[in-house]
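J.: Quick one: this structure, given as structure tokens, is what I'll be asking you about.
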Amino acid sequence: MTDTDQLLADTGAVRAVAARTPAVAHALASLGDHIECIPEPLRHRRPRAWAAVAVATAIAAVAVAVPTGAAASAFDWASARTGLFGRESDIENDASEFLDASDQGIRAVIERHTRHYTLPQGATWEPAYDSVLTDERVFVQERLVAAIVARTAVCAWEREWLEASTADAATRAHRAADVLASASSWPALVAEDPTGGLRRHLDGVARAAAKADEHLVRADVAMNCAVAR
Amino acid sequence: MSENRFRGVYDAHAADLLAYFVRRVDPVEDAADLVSEVFLVWWRRRPELSGDEERMWLYGVARKTLATYERGVRRRYRLAAALATALRNQPPVMIEEAAAHVTDAVSRLPARDRDALLLSCWEGLTPEQIGAVLGIRPGAARVRLHRARQRLRQLLEEDENAVMPRHQIKGAIRAGTTGSERC
């Protein structure tokens, strides 16, 4: 090693000493503990069709219906709080707090969002609970919970439309088609779809339903409702 | 599985990456945010790499993260606050005058040459590894290292106000012509 090399290496070594003390090592290990808890679940828990979607406008239309009459949850959502917050600059995250999806308190959050929608007769919100709740310690943000609930409603109405069409039940089919036509403006889905890709997709499904074209509706159920049954 | 894998990767490389940033940024506590950024990128993308490839991939992300930082983009991570505090509380680093002179000359090298030289001298990477980090062939990495030493020699020669002891200046200048395979 030459003199210059040695001087350079020594300089680097001296500076790096700051990264080797016990206090820094402890803080560094803690940082790893926190990082491994955060983004992974958001990616894995996002339904496939949403994962590739990115940015665009926000629309402030309200979802389908009114309260379903569900009783207030017995769970306190506060127990699911983590004290960890996302960053605005992340596509996947917003700046809101992460919630622990393994904590039963997350049920209260889900239940609160289900109140914005009504489901077809016979359908339940269980798919939404199944999609969010986990046995492992997984963190999600409320925006994603809201989107999962909304997507569960879309899937329920798509199935309703398919069943009604097969049964030749025109009134049910029209009602389902009307609900599907409004889905692309539901705030929870708009917030999850900044580029508008999901909105365009849902509009396409709604147009197919209005034209009595089952193909696209069935395709969407098969592709995006595997979790949200 | 992913969490275990993350932990393995993090434990294997976090200290080295922190050192990478500590050597290059001022104030030193900014290194906390930068090392966070690198592992958040890894965590989101989870590259299917292993061993040395993984290490080089991380250095590649670190280099781009540093470039963003140098353009003035500062991100603050709450998660890194404790680490930033720990770094801030370390005693100030004292650099010898002669070493400071050399590093000042290095800072005036073109970025591409400087990157190659410092990855060699500070991270101890081989030309093959430097090539992987910079996205160039090993032969091209060797050329950059050689060119970096030549330019560094020129800068040291041109520096009429050098405060280094004369024998060290001569040594430094000689370094540009002899070249070292290791650094």
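Scheme for the structure tokens: letters A, B, ... for chains in order shown; per-chain residue numbers from 1; ligand numbers from 1 in order shown.
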Write out as a PyMOL selection string which residues come within 7 Å of region 209-220 of chain A when counting only C-alpha atoms, dropping same-chain ones fewer than 4 positions away.
T.: chain A and resi 158+177+205+224
J.: Restricted to N, CA, C and O atoms, what would the selected residues look like written as a short mmCIF file (atom, residue, chain, number, x, y, z; two decimals), in the first residue's frame?
T.:
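Saved the output as result.cif:
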```cif
data_model
loop_
_atom_site.label_atom_id
_atom_site.label_comp_id
_atom_site.auth_asym_id
_atom_site.auth_seq_id
_atom_site.Cartn_x
_atom_site.Cartn_y
_atom_site.Cartn_z
N GLU A 158 -69.87 -7.90 -7.09
CA GLU A 158 -69.58 -8.61 -8.34
C GLU A 158 -70.19 -10.02 -8.31
O GLU A 158 -70.78 -10.48 -9.29
N ALA A 177 -75.23 -3.79 -10.55
CA ALA A 177 -74.51 -3.03 -11.57
C ALA A 177 -74.40 -1.56 -11.16
O ALA A 177 -73.36 -0.91 -11.39
N VAL A 205 -65.04 -2.93 -15.39
CA VAL A 205 -65.86 -4.02 -14.85
C VAL A 205 -67.32 -3.57 -14.79
O VAL A 205 -68.24 -4.32 -15.16
N ASN A 224 -58.99 -10.93 -8.30
CA ASN A 224 -58.84 -10.01 -7.16
C ASN A 224 -59.66 -10.35 -5.93
O ASN A 224 -59.58 -9.64 -4.93
#
```
J.: If we count only C-alpha atoms and set the cut-off at 12 Å, which residues sit around Val133 (chain B), ignoring sequence neighbours fewer than 2 positions away in its own chain? Please answer as an MDAnalysis selection string.
T.: chainID B and resid 52:64 112 115:116 119:120 123 125:131 135:138 141
J.: Only C-alpha atoms, please: the residues just picked out, written as an mmCIF file, in the first residue's frame.
T.:
```cif
data_model
loop_
_atom_site.group_PDB
_atom_site.id
_atom_site.type_symbol
_atom_site.label_atom_id
_atom_site.label_comp_id
_atom_site.auth_asym_id
_atom_site.auth_seq_id
_atom_site.Cartn_x
_atom_site.Cartn_y
_atom_site.Cartn_z
ATOM 1 C CA ASP B 52 -21.194 -11.185 -2.029
ATOM 2 C CA GLU B 53 -23.799 -10.163 -4.622
ATOM 3 C CA GLU B 54 -26.052 -8.979 -1.842
ATOM 4 C CA ARG B 55 -23.281 -6.958 -0.278
ATOM 5 C CA MET B 56 -22.456 -5.297 -3.575
ATOM 6 C CA TRP B 57 -26.142 -4.616 -4.224
ATOM 7 C CA LEU B 58 -26.382 -2.858 -0.879
ATOM 8 C CA TYR B 59 -23.308 -0.764 -1.628
ATOM 9 C CA GLY B 60 -24.864 0.111 -4.975
ATOM 10 C CA VAL B 61 -28.009 1.355 -3.250
ATOM 11 C CA ALA B 62 -25.863 3.164 -0.693
ATOM 12 C CA ARG B 63 -24.030 4.971 -3.454
ATOM 13 C CA LYS B 64 -27.265 6.129 -5.071
ATOM 14 C CA ARG B 112 -16.770 8.450 -10.806
ATOM 15 C CA ASP B 115 -16.176 6.518 -5.947
ATOM 16 C CA ALA B 116 -13.894 3.824 -7.277
ATOM 17 C CA LEU B 119 -14.603 1.935 -2.429
ATOM 18 C CA SER B 120 -11.132 0.478 -2.714
ATOM 19 C CA GLU B 123 -14.454 -0.309 1.908
ATOM 20 C CA LEU B 125 -13.395 -3.767 -2.275
ATOM 21 C CA THR B 126 -11.609 -5.487 -5.116
ATOM 22 C CA PRO B 127 -11.861 -4.164 -8.687
ATOM 23 C CA GLU B 128 -14.364 -6.934 -9.415
ATOM 24 C CA GLN B 129 -16.512 -5.879 -6.480
ATOM 25 C CA ILE B 130 -16.171 -2.204 -7.373
ATOM 26 C CA GLY B 131 -17.334 -3.077 -10.858
ATOM 27 C CA GLY B 135 -22.336 -1.371 -12.700
ATOM 28 C CA ILE B 136 -19.211 -1.589 -14.835
ATOM 29 C CA ARG B 137 -16.859 -4.391 -15.857
ATOM 30 C CA PRO B 138 -13.915 -5.257 -13.631
ATOM 31 C CA ALA B 141 -13.084 -0.548 -12.621
#
```
J.: Write out as a compact mmCIF listing (two decimals) with C-alpha atoms, in the first residue's frame each polymer residue whose atoms come within 7 Å of Ala105 (chain B), counting only C-alpha atoms; drop sequence neighbours fewer than 5 positions from it.
T.:
```txt
# COMPACT_ATOMS: atom_id res chain seq x y z
CA LEU B 152 -4.90 12.45 -7.51
CA LEU B 155 -3.85 17.38 -7.90
CA LEU B 156 -1.26 16.87 -5.21
```
J.: Please identify all polymer residues within 8 Å of Ile110 (chain A), counting only C-alpha atoms, omitting same-chain residues fewer than 2 positions from it, and present them as an MDAnalysis selection string.
T.: chainID A and resid 106:108 112:114 128:129 145:146 149
J.: Would you put the residues from that selection into a file with N, CA, C and O atoms, as a PDB file, in the first residue's frame?
T.:
```pdb
ATOM      1  N   ILE A 106     -57.624  -4.332  16.039  1.00  0.00           N
ATOM      2  CA  ILE A 106     -57.766  -3.973  14.621  1.00  0.00           C
ATOM      3  C   ILE A 106     -59.191  -4.249  14.138  1.00  0.00           C
ATOM      4  O   ILE A 106     -59.655  -3.656  13.167  1.00  0.00           O
ATOM      5  N   ARG A 107     -59.901  -5.121  14.831  1.00  0.00           N
ATOM      6  CA  ARG A 107     -61.296  -5.416  14.446  1.00  0.00           C
ATOM      7  C   ARG A 107     -62.163  -4.158  14.505  1.00  0.00           C
ATOM      8  O   ARG A 107     -63.048  -3.964  13.671  1.00  0.00           O
ATOM      9  N   ALA A 108     -61.892  -3.343  15.490  1.00  0.00           N
ATOM     10  CA  ALA A 108     -62.684  -2.110  15.623  1.00  0.00           C
ATOM     11  C   ALA A 108     -62.453  -1.187  14.432  1.00  0.00           C
ATOM     12  O   ALA A 108     -63.368  -0.491  13.969  1.00  0.00           O
ATOM     13  N   ARG A 112     -65.350  -0.159  11.774  1.00  0.00           N
ATOM     14  CA  ARG A 112     -65.678   1.248  11.519  1.00  0.00           C
ATOM     15  C   ARG A 112     -65.785   1.520  10.018  1.00  0.00           C
ATOM     16  O   ARG A 112     -66.657   2.249   9.570  1.00  0.00           O
ATOM     17  N   HIS A 113     -64.907   0.917   9.246  1.00  0.00           N
ATOM     18  CA  HIS A 113     -64.933   1.162   7.798  1.00  0.00           C
ATOM     19  C   HIS A 113     -66.064   0.420   7.111  1.00  0.00           C
ATOM     20  O   HIS A 113     -66.564   0.872   6.073  1.00  0.00           O
ATOM     21  N   THR A 114     -66.477  -0.695   7.653  1.00  0.00           N
ATOM     22  CA  THR A 114     -67.583  -1.421   7.004  1.00  0.00           C
ATOM     23  C   THR A 114     -68.877  -0.609   7.051  1.00  0.00           C
ATOM     24  O   THR A 114     -69.764  -0.822   6.235  1.00  0.00           O
ATOM     25  N   ALA A 128     -63.084  -9.522   4.802  1.00  0.00           N
ATOM     26  CA  ALA A 128     -62.263  -8.357   5.165  1.00  0.00           C
ATOM     27  C   ALA A 128     -61.485  -8.633   6.451  1.00  0.00           C
ATOM     28  O   ALA A 128     -60.291  -8.321   6.553  1.00  0.00           O
ATOM     29  N   TYR A 129     -62.162  -9.237   7.413  1.00  0.00           N
ATOM     30  CA  TYR A 129     -61.464  -9.574   8.657  1.00  0.00           C
ATOM     31  C   TYR A 129     -60.353 -10.591   8.389  1.00  0.00           C
ATOM     32  O   TYR A 129     -59.246 -10.489   8.911  1.00  0.00           O
ATOM     33  N   VAL A 145     -56.395  -0.773   5.399  1.00  0.00           N
ATOM     34  CA  VAL A 145     -57.563  -1.449   5.984  1.00  0.00           C
ATOM     35  C   VAL A 145     -58.832  -0.961   5.282  1.00  0.00           C
ATOM     36  O   VAL A 145     -59.695  -1.751   4.886  1.00  0.00           O
ATOM     37  N   ALA A 146     -58.944   0.343   5.101  1.00  0.00           N
ATOM     38  CA  ALA A 146     -60.120   0.919   4.437  1.00  0.00           C
ATOM     39  C   ALA A 146     -60.261   0.380   3.018  1.00  0.00           C
ATOM     40  O   ALA A 146     -61.366   0.058   2.554  1.00  0.00           O
ATOM     41  N   VAL A 149     -61.497  -3.238   3.001  1.00  0.00           N
ATOM     42  CA  VAL A 149     -62.938  -3.280   3.272  1.00  0.00           C
ATOM     43  C   VAL A 149     -63.715  -2.904   1.999  1.00  0.00           C
ATOM     44  O   VAL A 149     -64.679  -3.574   1.611  1.00  0.00           O
TER      45      VAL A 149
END
```
J.: Residues at most 10 Å from Phe6 (chain B), counting only C-alpha atoms, excluding those fewer than 2 positions away in the same chain, as a list in words?
T.: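 Counting only the stated atoms, we get Gly32, Asp33, Ile35 and Glu36 of chain A; Met1, Ser2, Glu3, Asn4, Gly8, Val9, Tyr10, Asp11, Ala12, Phe39, Trp42, Trp43 and Arg46 of chain B.
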J.: In terms of the shortest atom-to-atom distance over only C-alpha atoms, which of B:Ala32, B:Leu66, B:Ala148, B:Cys121 is closest to chain A?
T.: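 Closest candidate: B:Cys121.
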